[in-house]
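S.K.: Sharing structure14.cif here; it has mmCIF, C-alpha atoms.
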```cif
data_data
loop_
_atom_site.label_atom_id
_atom_site.label_comp_id
_atom_site.auth_asym_id
_atom_site.auth_seq_id
_atom_site.Cartn_x
_atom_site.Cartn_y
_atom_site.Cartn_z
CA MET R 1 11.09 21.95 17.57
CA THR R 2 11.09 20.04 14.28
CA ASP R 3 9.00 21.59 11.52
CA THR R 4 6.85 18.64 10.48
CA THR R 5 5.84 20.43 7.28
CA THR R 6 9.42 20.34 5.95
CA LEU R 7 9.74 17.82 3.15
CA THR R 8 13.06 16.45 1.98
CA THR R 9 13.47 14.18 -1.02
CA GLY R 10 16.16 11.82 -2.18
CA THR R 11 16.96 8.91 -4.44
CA LEU R 12 18.24 5.45 -3.59
CA ASP R 13 19.80 3.02 -6.03
CA VAL R 14 18.56 -0.54 -5.50
CA PRO R 15 19.13 -3.61 -7.68
CA GLY R 16 17.44 -2.86 -10.99
CA ALA R 17 15.96 0.54 -10.12
CA THR R 18 16.41 4.00 -8.62
CA LEU R 19 13.78 4.92 -6.03
CA HIS R 20 12.46 8.39 -5.30
CA TYR R 21 11.65 8.86 -1.62
CA GLU R 22 10.30 11.58 0.66
CA VAL R 23 10.93 12.23 4.37
CA ARG R 24 9.29 14.45 7.01
CA GLY R 25 9.74 14.87 10.76
CA SER R 26 12.09 13.21 13.23
CA GLY R 27 12.06 10.28 15.62
CA PRO R 28 11.66 6.54 14.99
CA LEU R 29 11.18 5.67 11.34
CA LEU R 30 7.66 5.05 10.01
CA LEU R 31 7.67 3.82 6.41
CA LEU R 32 4.45 4.27 4.41
CA ILE R 33 4.18 1.96 1.38
CA PRO R 34 1.68 3.15 -1.25
CA GLY R 35 -0.58 0.87 -3.22
CA GLY R 36 -2.31 0.77 -6.58
CA ALA R 37 -1.12 3.41 -9.01
CA GLY R 38 -0.23 5.75 -6.14
CA ASP R 39 3.16 7.06 -5.09
CA ALA R 40 4.65 8.79 -2.05
CA GLY R 41 2.10 11.58 -2.42
CA LEU R 42 -0.68 9.17 -1.46
CA TYR R 43 0.10 9.74 2.23
CA ALA R 44 1.00 13.43 2.14
CA ALA R 45 -2.24 14.57 3.78
CA MET R 46 -1.63 12.54 6.94
CA ALA R 47 2.18 12.64 6.94
CA ARG R 48 2.36 15.95 8.81
CA THR R 49 0.33 14.56 11.72
CA LEU R 50 2.50 11.46 11.84
CA ALA R 51 5.69 13.49 11.55
CA ALA R 52 5.03 15.24 14.87
CA THR R 53 6.51 12.19 16.60
CA ARG R 54 8.05 10.10 13.80
CA THR R 55 10.42 10.27 10.89
CA VAL R 56 7.85 9.60 8.18
CA ALA R 57 9.13 8.25 4.87
CA SER R 58 7.40 7.10 1.73
CA PHE R 59 8.53 6.33 -1.80
CA ASP R 60 7.43 5.84 -5.37
CA PRO R 61 7.56 2.07 -5.97
CA ARG R 62 9.41 0.85 -8.99
CA PRO R 63 8.55 1.69 -11.80
CA LEU R 64 5.97 4.34 -10.86
CA SER R 65 6.09 8.14 -11.02
CA ARG R 66 9.60 9.42 -10.22
CA SER R 67 11.24 6.02 -9.60
CA ARG R 68 12.98 4.44 -12.57
CA LEU R 69 13.84 0.95 -13.73
CA HIS R 70 17.34 0.26 -15.00
CA GLY R 71 16.03 -2.27 -17.52
CA PRO R 72 12.88 -3.14 -19.47
CA LEU R 73 9.43 -3.02 -17.89
CA GLY R 74 7.81 -6.35 -17.05
CA ASP R 75 5.47 -7.89 -14.49
CA GLN R 76 6.41 -6.69 -11.04
CA ARG R 77 7.39 -9.01 -8.18
CA VAL R 78 6.50 -8.80 -4.52
CA ASP R 79 9.93 -10.00 -3.41
CA GLU R 80 11.68 -7.21 -5.33
CA TRP R 81 9.37 -4.55 -3.94
CA SER R 82 9.76 -5.85 -0.39
CA ASP R 83 13.53 -5.85 -0.78
CA ASP R 84 13.31 -2.24 -2.03
CA ALA R 85 11.43 -1.34 1.17
CA ARG R 86 14.03 -3.09 3.31
CA LEU R 87 16.88 -1.26 1.58
CA LEU R 88 15.13 2.06 2.19
CA ILE R 89 14.75 1.19 5.88
CA ASP R 90 18.44 0.29 6.00
CA HIS R 91 19.27 3.62 4.36
CA LEU R 92 17.11 5.79 6.64
CA SER R 93 17.31 3.82 9.89
CA PRO R 94 20.41 1.63 9.80
CA ASP R 95 20.57 1.07 13.56
CA ALA R 96 16.90 0.52 14.46
CA PRO R 97 13.89 -1.31 13.05
CA ALA R 98 11.03 0.65 11.49
CA SER R 99 7.29 0.74 11.84
CA VAL R 100 5.48 0.18 8.54
CA LEU R 101 2.08 0.88 7.02
CA GLY R 102 1.15 -0.64 3.69
CA CYS R 103 -2.20 -0.21 1.94
CA SER R 104 -3.65 -2.34 -0.87
CA SER R 105 -0.81 -3.67 -3.04
CA GLY R 106 1.48 -1.75 -0.68
CA ALA R 107 0.17 -4.01 2.09
CA ILE R 108 1.17 -7.03 -0.02
CA THR R 109 4.65 -5.51 -0.24
CA ALA R 110 4.64 -4.89 3.51
CA LEU R 111 3.72 -8.50 4.25
CA GLY R 112 6.52 -9.66 1.98
CA LEU R 113 8.86 -7.36 3.89
CA LEU R 114 7.78 -8.81 7.23
CA ALA R 115 8.11 -12.39 5.97
CA ARG R 116 11.55 -11.82 4.44
CA HIS R 117 13.10 -9.30 6.85
CA PRO R 118 11.29 -9.45 10.21
CA GLU R 119 14.35 -8.17 12.07
CA ARG R 120 13.95 -4.78 10.35
CA ILE R 121 10.34 -4.37 11.54
CA ASP R 122 9.09 -3.06 14.88
CA ARG R 123 5.36 -3.10 14.07
CA LEU R 124 3.55 -3.41 10.75
CA VAL R 125 0.00 -2.51 9.72
CA ALA R 126 -1.24 -4.28 6.57
CA HIS R 127 -4.40 -2.49 5.40
CA GLU R 128 -6.53 -4.49 2.96
CA PRO R 129 -3.91 -6.52 1.07
CA PRO R 130 -5.87 -8.02 -1.87
CA LEU R 131 -4.24 -11.45 -1.54
CA LEU R 132 -6.98 -13.31 -3.35
CA THR R 133 -5.39 -16.72 -2.82
CA LEU R 134 -6.26 -16.46 0.89
CA LEU R 135 -9.98 -16.47 0.16
CA GLU R 136 -12.06 -19.63 0.55
CA ASP R 137 -13.08 -19.39 -3.12
CA PRO R 138 -10.57 -17.18 -4.92
CA ALA R 139 -11.59 -18.17 -8.46
CA PRO R 140 -14.31 -15.55 -9.15
CA HIS R 141 -12.16 -12.77 -7.73
CA LEU R 142 -9.08 -13.82 -9.67
CA ALA R 143 -11.31 -13.88 -12.75
CA LEU R 144 -12.51 -10.33 -12.02
CA PHE R 145 -8.97 -8.99 -11.70
CA ALA R 146 -7.94 -10.80 -14.91
CA ASP R 147 -10.98 -9.37 -16.69
CA VAL R 148 -10.01 -5.86 -15.58
CA ARG R 149 -6.60 -6.40 -17.20
CA GLU R 150 -8.22 -7.69 -20.40
CA VAL R 151 -10.54 -4.68 -20.54
CA PHE R 152 -7.48 -2.45 -20.17
CA ARG R 153 -5.73 -4.23 -23.04
CA ALA R 154 -8.75 -3.92 -25.28
CA ARG R 155 -10.21 -0.54 -24.34
CA GLY R 156 -7.83 1.38 -22.08
CA ALA R 157 -7.46 2.45 -18.46
CA GLY R 158 -10.77 4.31 -18.04
CA PRO R 159 -13.03 1.39 -18.97
CA ALA R 160 -10.80 -0.99 -17.00
CA MET R 161 -11.16 1.04 -13.80
CA ALA R 162 -14.91 1.30 -14.38
CA ARG R 163 -15.05 -2.49 -14.69
CA PHE R 164 -12.99 -2.79 -11.51
CA SER R 165 -15.34 -0.52 -9.54
CA GLU R 166 -18.37 -2.37 -10.88
CA GLY R 167 -16.91 -5.74 -9.95
CA LEU R 168 -16.06 -4.59 -6.43
CA GLY R 169 -19.55 -3.21 -5.92
CA GLU R 170 -18.28 0.28 -5.24
CA ARG R 171 -20.46 3.39 -5.01
CA PRO R 172 -21.85 4.87 -8.22
CA ALA R 173 -19.63 7.02 -10.38
CA GLU R 174 -21.58 10.14 -9.42
CA ALA R 175 -20.76 9.67 -5.72
CA ALA R 176 -17.14 8.90 -6.50
CA THR R 177 -16.87 12.06 -8.60
CA GLU R 178 -18.38 14.12 -5.79
CA ALA R 179 -15.91 12.62 -3.30
CA ALA R 180 -13.02 13.40 -5.66
CA THR R 181 -13.79 17.12 -5.43
CA GLU R 182 -13.25 16.91 -1.67
CA LEU R 183 -9.82 15.26 -1.83
CA PRO R 184 -6.93 16.99 -0.04
CA PRO R 185 -4.81 19.25 -2.27
CA GLU R 186 -1.84 16.89 -1.88
CA ILE R 187 -3.84 14.12 -3.53
CA VAL R 188 -5.04 16.44 -6.29
CA GLU R 189 -1.38 17.28 -6.96
CA MET R 190 -0.55 13.58 -7.25
CA ALA R 191 -3.49 12.81 -9.56
CA PRO R 192 -1.69 13.39 -12.90
CA ARG R 193 1.15 11.06 -11.83
CA MET R 194 -1.34 8.44 -10.66
CA HIS R 195 -3.20 8.67 -13.97
CA ALA R 196 0.06 8.17 -15.85
CA ASN R 197 0.83 5.15 -13.67
CA LEU R 198 -2.47 3.38 -14.37
CA PRO R 199 -1.31 1.47 -17.47
CA VAL R 200 1.66 0.05 -15.54
CA PHE R 201 -0.55 -0.87 -12.60
CA LEU R 202 -3.23 -2.53 -14.70
CA GLU R 203 -0.82 -4.48 -16.90
CA HIS R 204 2.09 -5.32 -14.60
CA ILE R 205 1.01 -5.04 -10.93
CA LEU R 206 -2.69 -5.80 -10.41
CA CYS R 207 -2.73 -9.49 -11.34
CA PRO R 208 0.84 -10.51 -10.34
CA PHE R 209 0.39 -9.07 -6.85
CA SER R 210 -3.18 -10.15 -6.16
CA SER R 211 -2.48 -13.72 -7.27
CA SER R 212 0.75 -14.05 -5.26
CA GLU R 213 0.99 -16.54 -2.38
CA PRO R 214 1.99 -15.03 0.99
CA ASP R 215 4.48 -16.94 3.13
CA VAL R 216 2.04 -17.73 5.92
CA ALA R 217 4.58 -19.78 7.88
CA ALA R 218 7.07 -16.88 7.95
CA LEU R 219 4.30 -14.44 8.84
CA ARG R 220 3.16 -16.70 11.67
CA ALA R 221 6.67 -16.61 13.11
CA ALA R 222 6.54 -12.79 13.12
CA ALA R 223 2.82 -12.46 13.88
CA GLY R 224 3.42 -10.51 17.10
CA LYS R 225 4.58 -7.58 14.97
CA LEU R 226 1.63 -7.66 12.57
CA ILE R 227 -1.66 -5.76 12.68
CA PRO R 228 -4.04 -6.97 9.94
CA ALA R 229 -6.41 -4.12 9.09
CA ALA R 230 -9.34 -3.18 6.89
CA GLY R 231 -11.74 -0.29 6.40
CA ARG R 232 -15.14 -0.37 8.05
CA LEU R 233 -16.82 0.53 4.76
CA SER R 234 -15.16 -2.38 2.94
CA ARG R 235 -17.02 -5.11 4.81
CA GLY R 236 -19.10 -6.06 1.78
CA GLN R 237 -16.15 -6.09 -0.63
CA THR R 238 -14.77 -9.62 -0.40
CA PRO R 239 -11.59 -9.10 -2.48
CA LEU R 240 -10.54 -6.19 -0.24
CA TYR R 241 -11.83 -7.02 3.25
CA GLY R 242 -11.75 -10.80 2.99
CA PRO R 243 -7.99 -11.40 2.69
CA ALA R 244 -7.24 -9.21 5.72
CA ALA R 245 -9.89 -11.03 7.77
CA ARG R 246 -8.58 -14.42 6.65
CA LEU R 247 -4.99 -13.44 7.44
CA ALA R 248 -6.02 -12.37 10.94
CA GLU R 249 -7.71 -15.74 11.40
CA LEU R 250 -4.73 -17.73 10.11
CA LEU R 251 -2.29 -15.88 12.36
CA ASP R 252 -4.58 -15.68 15.39
CA ARG R 253 -4.45 -11.89 15.36
CA PRO R 254 -7.33 -9.44 15.81
CA LEU R 255 -8.55 -7.63 12.70
CA THR R 256 -8.38 -3.86 13.25
CA GLU R 257 -10.85 -1.64 11.41
CA PHE R 258 -9.92 1.85 10.24
CA PRO R 259 -12.25 4.68 9.20
CA GLY R 260 -13.46 4.66 5.62
CA GLY R 261 -12.93 1.97 3.06
CA HIS R 262 -10.08 0.86 0.83
CA LEU R 263 -8.86 4.46 0.49
CA GLY R 264 -9.35 5.39 4.14
CA ALA R 265 -5.86 6.85 4.43
CA VAL R 266 -6.72 9.29 1.62
CA GLU R 267 -10.33 10.07 2.46
CA HIS R 268 -9.92 10.32 6.27
CA PRO R 269 -6.26 11.26 6.75
CA GLN R 270 -6.53 12.82 10.21
CA GLU R 271 -8.56 10.01 11.80
CA PHE R 272 -6.49 7.38 10.04
CA ALA R 273 -3.21 8.92 11.22
CA GLU R 274 -4.39 9.23 14.83
CA GLN R 275 -5.51 5.60 14.96
CA LEU R 276 -2.28 4.46 13.31
CA LEU R 277 -0.15 6.26 15.88
CA GLY R 278 -2.17 4.72 18.69
CA LEU R 279 -1.61 1.23 17.31
CA LEU R 280 2.09 1.77 16.83
CA THR R 281 2.63 2.98 20.39
CA ALA R 282 0.40 0.39 22.09
CA ARG R 283 1.98 -2.77 23.46
#
```
Hey, can you dump this file as structure tokens for me?
M.R.:
Amino acid sequence: MTDTTTLTTGTLDVPGATLHYEVRGSGPLLLLIPGGAGDAGLYAAMARTLAATRTVASFDPRPLSRSRLHGPLGDQRVDEWSDDARLLIDHLSPDAPASVLGCSSGAITALGLLARHPERIDRLVAHEPPLLTLLEDPAPHLALFADVREVFRARGAGPAMARFSEGLGERPAEAATEAATELPPEIVEMAPRMHANLPVFLEHILCPFSSSEPDVAALRAAAGKLIPAAGRLSRGQTPLYGPAARLAELLDRPLTEFPGGHLGAVEHPQEFAEQLLGLLTAR
């Protein structure tokens, strides 16, 4: 029997970068694409459950954590990140398509992957992609994200993230701090890397990704493989829940709700993993 706790790591050279990736388990490939300032460790708490029946892979997106750019740092592009994901699928599962989960900006990457390389996808769950251009009135939300970047430039990452939470209407800082003490140890281990990634995320990922235009026509052609998803606790957060709901409407797909909110995969890893496996095996 495969030991699903065994973790192997590797690197993959892609155009313009070297990616760090992690793999557990055996079976059909399930690629987990992290979002925000997170890296492969974002999914570690639920990876062991998933790895009981799947080869579970994740990676540090360029240029975060242990992945490295080959050139200067600039604004990041969805098409490059989606091509990185496709090359990792080709590397780990050359003869079969993969299932994919992407969360937040990782869901934007996942949608780019499905639009550009649908033949490499079996089924794809896009959890709360903050594609603000899909909203009926994107202007105030684009302005919020731009303001977060300006606060970062003027005052640093801490005040910028506080402005972000305030603008999204998230729970008070005291509740967030209390929740942080309950995070799985795998997430606590990732926290210093995530903190170091925040300046890159706030300057070079947040606005370029959230203001990008998804290829709705290409996604419609592959809609049978797509599961738009959002967290139940995100219903009042238009920039997070709204794009997933609008995408489901545009593609005539049901919107699937997962436990928790935007960080449901982190805060409820067992329930999230069980629901994900059920979706991936259902036809």
S.K.: For the atom pair CA of Leu280 in chain R and CA of Phe201 in chain R, what is the interatomic distance in Å to one decimal place?
M.R.: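 Rounded to one decimal, the two atoms are 29.7 Å apart.
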S.K.: Once the PyMOL selection byres ((chain R and resi 88) around 10) is applied to the coordinates I shared, what remains selected? I want it as number ranges by chain.
M.R.: R: 11-14, 19, 21, 31, 57-59, 82-87, 89-94
S.K.: Emit the selected residues as a CSV table (one decimal), in the frame of the given file, including C-alpha atoms.
M.R.:
```csv
chain,number,residue,atom,x,y,z
R,11,THR,CA,17.0,8.9,-4.4
R,12,LEU,CA,18.2,5.4,-3.6
R,13,ASP,CA,19.8,3.0,-6.0
R,14,VAL,CA,18.6,-0.5,-5.5
R,19,LEU,CA,13.8,4.9,-6.0
R,21,TYR,CA,11.6,8.9,-1.6
R,31,LEU,CA,7.7,3.8,6.4
R,57,ALA,CA,9.1,8.2,4.9
R,58,SER,CA,7.4,7.1,1.7
R,59,PHE,CA,8.5,6.3,-1.8
R,82,SER,CA,9.8,-5.8,-0.4
R,83,ASP,CA,13.5,-5.8,-0.8
R,84,ASP,CA,13.3,-2.2,-2.0
R,85,ALA,CA,11.4,-1.3,1.2
R,86,ARG,CA,14.0,-3.1,3.3
R,87,LEU,CA,16.9,-1.3,1.6
R,89,ILE,CA,14.8,1.2,5.9
R,90,ASP,CA,18.4,0.3,6.0
R,91,HIS,CA,19.3,3.6,4.4
R,92,LEU,CA,17.1,5.8,6.6
R,93,SER,CA,17.3,3.8,9.9
R,94,PRO,CA,20.4,1.6,9.8
```
S.K.: Pick the closest to Ala221 in chain R from R:Ala196, R:Leu114, R:Leu142, R:Ile205: which is it, counting only C-alpha atoms?
M.R.: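 Of the candidates, the smallest distance to Ala221 in chain R is held by R:Leu114.
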S.K.: May I ask for the distance between CA of Glu249 in chain R and CA of Pro140 in chain R, given in Å to one decimal place?
M.R.: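 Rounded to one decimal, the two atoms are 21.6 Å apart.
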S.K.: Rounded to one decimal, what separation in Å do you get between CA of Pro61 in chain R and CA of Met46 in chain R?
M.R.: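 Straight-line distance from CA of Pro61 in chain R to CA of Met46 in chain R works out to 19.0 Å.
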S.K.: Choose the residue, out of R:Gly74, R:Gly242, R:Gly25, R:Pro15, that has the smallest atom-to-atom separation from Pro129 in chain R; count all atoms listed in the file.
M.R.: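 Of R:Gly74, R:Gly242, R:Gly25, R:Pro15, the one nearest Pro129 in chain R is R:Gly242, counting all atoms listed in the file.
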S.K.: Choose the residue, out of R:Gly41, R:Gly71, R:Pro63, R:Pro118, that has the smallest atom-to-atom separation from Arg220 in chain R; count only C-alpha atoms.
M.R.: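 With only C-alpha atoms as the atom set, the closest residue is R:Pro118.
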S.K.: Counting only C-alpha atoms, which of R:Ala17, R:Ala248, R:Val125, R:Leu134 gets nearest to Ser210 in chain R?
M.R.: R:Leu134
S.K.: With distances taken over all atoms listed in the file, which residue among R:Ala37, R:Ala217, R:Val56, R:Leu233 lies nearest Thr9 in chain R?
M.R.: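 Among the listed residues, R:Val56 lies closest to Thr9 in chain R.
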S.K.: For this structure, which residues satisfy the selection - the PyMOL selection byres ((chain R and resi 189) around 12) - when it is evaluated on the file as given? I want them as an MDAnalysis selection string.
M.R.: chainID R and resid 38:45 183:188 190:195
S.K.: Please write the residues picked by the PyMOL selection byres ((chain R and resi 278) around 12) on this file as a list in words.
M.R.: Leu50, Thr53, Arg123, Val125, Thr256, Phe258, Glu271, Phe272, Ala273, Glu274, Gln275, Leu276, Leu277, Leu279, Leu280, Thr281, Ala282 and Arg283 of chain R
S.K.: Quick one: residues within 12 Å of Val78 in chain R, all atoms listed in the file, excluding same-chain residues fewer than 4 positions away - as a PDB file with C-alpha atoms, in the frame of the given file?
M.R.:
```pdb
ATOM      1  CA  PRO R  61       7.560   2.070  -5.970  1.00  0.00           C
ATOM      2  CA  ARG R  62       9.410   0.850  -8.990  1.00  0.00           C
ATOM      3  CA  SER R  82       9.760  -5.850  -0.390  1.00  0.00           C
ATOM      4  CA  ASP R  83      13.530  -5.850  -0.780  1.00  0.00           C
ATOM      5  CA  ASP R  84      13.310  -2.240  -2.030  1.00  0.00           C
ATOM      6  CA  ALA R  85      11.430  -1.340   1.170  1.00  0.00           C
ATOM      7  CA  SER R 105      -0.810  -3.670  -3.040  1.00  0.00           C
ATOM      8  CA  GLY R 106       1.480  -1.750  -0.680  1.00  0.00           C
ATOM      9  CA  ALA R 107       0.170  -4.010   2.090  1.00  0.00           C
ATOM     10  CA  ILE R 108       1.170  -7.030  -0.020  1.00  0.00           C
ATOM     11  CA  THR R 109       4.650  -5.510  -0.240  1.00  0.00           C
ATOM     12  CA  ALA R 110       4.640  -4.890   3.510  1.00  0.00           C
ATOM     13  CA  LEU R 111       3.720  -8.500   4.250  1.00  0.00           C
ATOM     14  CA  GLY R 112       6.520  -9.660   1.980  1.00  0.00           C
ATOM     15  CA  LEU R 113       8.860  -7.360   3.890  1.00  0.00           C
ATOM     16  CA  LEU R 114       7.780  -8.810   7.230  1.00  0.00           C
ATOM     17  CA  ALA R 115       8.110 -12.390   5.970  1.00  0.00           C
ATOM     18  CA  ARG R 116      11.550 -11.820   4.440  1.00  0.00           C
ATOM     19  CA  LEU R 131      -4.240 -11.450  -1.540  1.00  0.00           C
ATOM     20  CA  HIS R 204       2.090  -5.320 -14.600  1.00  0.00           C
ATOM     21  CA  ILE R 205       1.010  -5.040 -10.930  1.00  0.00           C
ATOM     22  CA  LEU R 206      -2.690  -5.800 -10.410  1.00  0.00           C
ATOM     23  CA  CYS R 207      -2.730  -9.490 -11.340  1.00  0.00           C
ATOM     24  CA  PRO R 208       0.840 -10.510 -10.340  1.00  0.00           C
ATOM     25  CA  PHE R 209       0.390  -9.070  -6.850  1.00  0.00           C
ATOM     26  CA  SER R 210      -3.180 -10.150  -6.160  1.00  0.00           C
ATOM     27  CA  SER R 211      -2.480 -13.720  -7.270  1.00  0.00           C
ATOM     28  CA  SER R 212       0.750 -14.050  -5.260  1.00  0.00           C
ATOM     29  CA  GLU R 213       0.990 -16.540  -2.380  1.00  0.00           C
ATOM     30  CA  PRO R 214       1.990 -15.030   0.990  1.00  0.00           C
ATOM     31  CA  ASP R 215       4.480 -16.940   3.130  1.00  0.00           C
TER      32      ASP R 215
END
```
S.K.: For Arg163 in chain R, list every protein, DNA or RNA residue within 10 Å, evaluated using all atoms listed in the file, and leave out those in the same chain fewer than 3 positions away; present the list as a PyMOL selection string.
M.R.: chain R and resi 144-145+147-149+151-152+157-160+166-169
S.K.: Since we have the selection now, will you write its residues out, keeping C-alpha atoms, as a PDB file, in the frame of the given file?
M.R.:
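What ended up in selection23.pdb:
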```
ATOM      1  CA  LEU R 144     -12.510 -10.330 -12.020  1.00  0.00           C
ATOM      2  CA  PHE R 145      -8.970  -8.990 -11.700  1.00  0.00           C
ATOM      3  CA  ASP R 147     -10.980  -9.370 -16.690  1.00  0.00           C
ATOM      4  CA  VAL R 148     -10.010  -5.860 -15.580  1.00  0.00           C
ATOM      5  CA  ARG R 149      -6.600  -6.400 -17.200  1.00  0.00           C
ATOM      6  CA  VAL R 151     -10.540  -4.680 -20.540  1.00  0.00           C
ATOM      7  CA  PHE R 152      -7.480  -2.450 -20.170  1.00  0.00           C
ATOM      8  CA  ALA R 157      -7.460   2.450 -18.460  1.00  0.00           C
ATOM      9  CA  GLY R 158     -10.770   4.310 -18.040  1.00  0.00           C
ATOM     10  CA  PRO R 159     -13.030   1.390 -18.970  1.00  0.00           C
ATOM     11  CA  ALA R 160     -10.800  -0.990 -17.000  1.00  0.00           C
ATOM     12  CA  GLU R 166     -18.370  -2.370 -10.880  1.00  0.00           C
ATOM     13  CA  GLY R 167     -16.910  -5.740  -9.950  1.00  0.00           C
ATOM     14  CA  LEU R 168     -16.060  -4.590  -6.430  1.00  0.00           C
ATOM     15  CA  GLY R 169     -19.550  -3.210  -5.920  1.00  0.00           C
TER      16      GLY R 169
END
```
S.K.: Which polymer residues, protein or nucleic acid, are no farther than 8 Å from (-14.3, -13.4, 0.8), counting all atoms listed in the file, as a list of chain:residue names?
M.R.: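 Result, sorted by chain then residue number: R:Leu135, R:Glu136, R:Asp137, R:Pro138, R:Gln237, R:Thr238, R:Pro239, R:Tyr241, R:Gly242, R:Pro243.
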S.K.: I need the residue nearest Ala229 in chain R from this list: R:Ile33, R:Leu198, R:Cys103, R:Ala139. Use only C-alpha atoms for the distance.
M.R.: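 Of the candidates, the smallest distance to Ala229 in chain R is held by R:Cys103.
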S.K.: Tell me which residues come within 6 Å of (-4.5, -7.0, 7.1), as a list of chain:residue names, counting only C-alpha atoms in the file's coordinates.
M.R.: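 Taken together, the residues in range are R:Ala126, R:His127, R:Glu128, R:Pro228, R:Ala229, R:Ala244.
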